[in-house]
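Engineer: Sending over a structure as structure tokens; questions will come in a sec.
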Amino acid sequence: MPDVFINYRTGDGEQAAATLDGALSARFGRDRIYFASKSIPPGTPFDGHLIHSVRRSGVLLALIGPGWIGHEALRSDGDWVGREIQEAFLCDIRVIPVLLGRRTERPTKDELPPPLRKIADCQSLRYDHQNKEYDLKQIGDNLARLVPELAAADDEAPEEQDSSAPTYNIAGGVHGTAVQGTVNGEANTVREAHGPVHIGPSNVRMGDGGNYFQGGNEGGIRQSFGRSRPEEDDER
């Protein structure tokens with residue numbers, strides 16, 4: 001059962017819909033996000049599948065681009081964009097307008113056909129591709145707060161390590177060959193070092209390789225990952 005149904009119009013939001021599907025699926029799980037081109041199996045009658053999936057969703061994201069309100073199909077009884085939104089309202093499913101771009105404004109009731117006028121009263125979110133990372137996070141955070149199943153899936157997701165934090169490897173007074181960890185699949189090697197050696201900054205995945213030193217280690221070895229913390233004298 002999908003928790004989020006992505007409603008969009010071809011030609012006015014399919015690229016944003018695909019981006020949202022990818023980001024939300026990665027965060028909450030592929031099966032929790034309904035995106036028609038992904039979620040409807042080949043050979044399945046799409047009309048029944050769409051309506052059934054809207055009814056089983058927790059939230060419908062109505063993607064509204066610059067040409068959404070002026071599209072002639074919006075006032076047609078056979079328009080699937082409008083039918084999905086109407087079905088969500090009839091089933092008391094939360095509808096969240098997602099305004100695409102910086103200049104798209106929320107439609108007013110006077111601009112909408114009567115069955116869709118309720119959307120003018122719904123609090124909206126915004127997605128702008130120039131502010132992509134922030135907007136995707138805001139949309140995901142709001143969904144996690146509104147849908148308990150998404151919050152649970154979000155809590156179960158493994159935390160990602162911060163690969164942007166610098167790693168500094170220092171070998172002092174090494175006589176011989178020193179191999180320190182691996183960087184992007186390759187080892188850092190220092191040969192015949194007679195004094196402090198500084199290898200970094202670099203991103204090191206310690207799970208990919210160990211620390212190997214050949215020869216005498218007279219000066220000691222220090223590793224620092226990310227930001228360093230000052231040493232504290234008191235023990236608590």
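Letters for chains follow the order of the structure tokens (A, B, ...), residue numbers begin at 1 for each chain, and ligand numbers begin at 1 in the order shown.
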Produce a table with one row for each residue of stretch 76-132 of chain A that has an atom at most 12 Å from any atom of stretch 24-45 of chain A, each row naming the nearest atom pair and its distance in Å at one decimal; use only C-alpha atoms; arrange rows by chain and rising residue number; format as CSV.
Structural biologist:
residue,atom,partner,partner_atom,distance
A:Trp80,CA,A:Ala36,CA,11.5
A:Val81,CA,A:Ala36,CA,11.6
A:Glu84,CA,A:Ala36,CA,11.6
Engineer: Might you pull out every residue within 8 Å of A:Ile64, with only C-alpha atoms counted and same-chain residues fewer than 4 positions away left off, and present them as a PDB file with N, CA and C atoms, in the first residue's frame?
Structural biologist:
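Output below, filename out18.pdb:
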ATOM      1  N   TYR A   8       0.436  14.407 -10.897  1.00  0.00           N
ATOM      2  CA  TYR A   8       1.135  15.394 -11.738  1.00  0.00           C
ATOM      3  C   TYR A   8       0.542  15.385 -13.137  1.00  0.00           C
ATOM      4  N   ASP A  12       3.821  19.424 -17.450  1.00  0.00           N
ATOM      5  CA  ASP A  12       3.829  20.523 -16.476  1.00  0.00           C
ATOM      6  C   ASP A  12       4.362  20.071 -15.118  1.00  0.00           C
ATOM      7  N   GLY A  13       4.945  18.894 -15.062  1.00  0.00           N
ATOM      8  CA  GLY A  13       5.438  18.461 -13.760  1.00  0.00           C
ATOM      9  C   GLY A  13       6.019  17.062 -13.724  1.00  0.00           C
ATOM     10  N   TRP A  68      -0.256  24.679 -15.000  1.00  0.00           N
ATOM     11  CA  TRP A  68      -1.268  23.779 -14.449  1.00  0.00           C
ATOM     12  C   TRP A  68      -2.663  24.395 -14.477  1.00  0.00           C
ATOM     13  N   ILE A  69      -2.800  25.606 -13.970  1.00  0.00           N
ATOM     14  CA  ILE A  69      -4.119  26.219 -13.850  1.00  0.00           C
ATOM     15  C   ILE A  69      -4.721  26.566 -15.204  1.00  0.00           C
ATOM     16  N   PRO A  97      -0.783  20.619  -2.043  1.00  0.00           N
ATOM     17  CA  PRO A  97      -0.292  21.212  -3.291  1.00  0.00           C
ATOM     18  C   PRO A  97       1.217  21.441  -3.188  1.00  0.00           C
ATOM     19  N   VAL A  98       1.945  21.041  -4.209  1.00  0.00           N
ATOM     20  CA  VAL A  98       3.384  21.298  -4.278  1.00  0.00           C
ATOM     21  C   VAL A  98       3.613  22.240  -5.453  1.00  0.00           C
ATOM     22  N   LEU A  99       3.951  23.484  -5.152  1.00  0.00           N
ATOM     23  CA  LEU A  99       4.136  24.500  -6.172  1.00  0.00           C
ATOM     24  C   LEU A  99       5.530  24.357  -6.780  1.00  0.00           C
ATOM     25  N   LEU A 100       5.581  24.232  -8.099  1.00  0.00           N
ATOM     26  CA  LEU A 100       6.846  23.971  -8.783  1.00  0.00           C
ATOM     27  C   LEU A 100       7.473  25.274  -9.275  1.00  0.00           C
ATOM     28  N   THR A 104       5.441  30.046  -9.242  1.00  0.00           N
ATOM     29  CA  THR A 104       4.105  29.450  -9.278  1.00  0.00           C
ATOM     30  C   THR A 104       3.364  29.768  -7.985  1.00  0.00           C
TER      31      THR A 104
END
Engineer: Write out as a PyMOL selection string the residues lying within 12 Å of A:Leu125, counting only C-alpha atoms and excluding same-chain residues fewer than 4 positions away.
Structural biologist: chain A and resi 61-64+95-102+104-106+134-143
Engineer: Find the residues around A:Asp3 up to 8 Å (only C-alpha atoms counted), leave out those fewer than 3 positions away in its own chain, and share them as a ChimeraX atom specification.
Structural biologist: /A:32-34,56-59,147,149-150
Engineer: Can you tell me, as a PyMOL selection string, which residues in stretch 16-138 of chain A count as strand (DSSP E) by DSSP?
Structural biologist: chain A and resi 33-34+59-64+94-100+125-127
Engineer: Write the residues of the preceding selection, restricted to C-alpha atoms, as a short mmCIF file (atom, residue, chain, number, x, y, z; two decimals), in the first residue's frame.
Structural biologist:
data_model
loop_
_atom_site.label_atom_id
_atom_site.label_comp_id
_atom_site.auth_asym_id
_atom_site.auth_seq_id
_atom_site.Cartn_x
_atom_site.Cartn_y
_atom_site.Cartn_z
CA ILE A 33 5.62 6.09 -3.01
CA TYR A 34 3.11 5.81 -5.85
CA VAL A 59 -1.25 11.72 1.34
CA LEU A 60 -1.66 12.96 -2.21
CA LEU A 61 0.96 15.39 -3.49
CA ALA A 62 -0.65 17.55 -6.19
CA LEU A 63 2.20 18.95 -8.26
CA ILE A 64 1.24 22.35 -9.68
CA ARG A 94 -4.86 14.83 2.81
CA VAL A 95 -4.03 16.77 -0.36
CA ILE A 96 -0.83 18.84 -0.35
CA PRO A 97 -0.29 21.21 -3.29
CA VAL A 98 3.38 21.30 -4.28
CA LEU A 99 4.14 24.50 -6.17
CA LEU A 100 6.85 23.97 -8.78
CA LEU A 125 4.81 23.22 -0.12
CA ARG A 126 7.25 24.32 -2.79
CA TYR A 127 9.75 22.48 -4.95
#
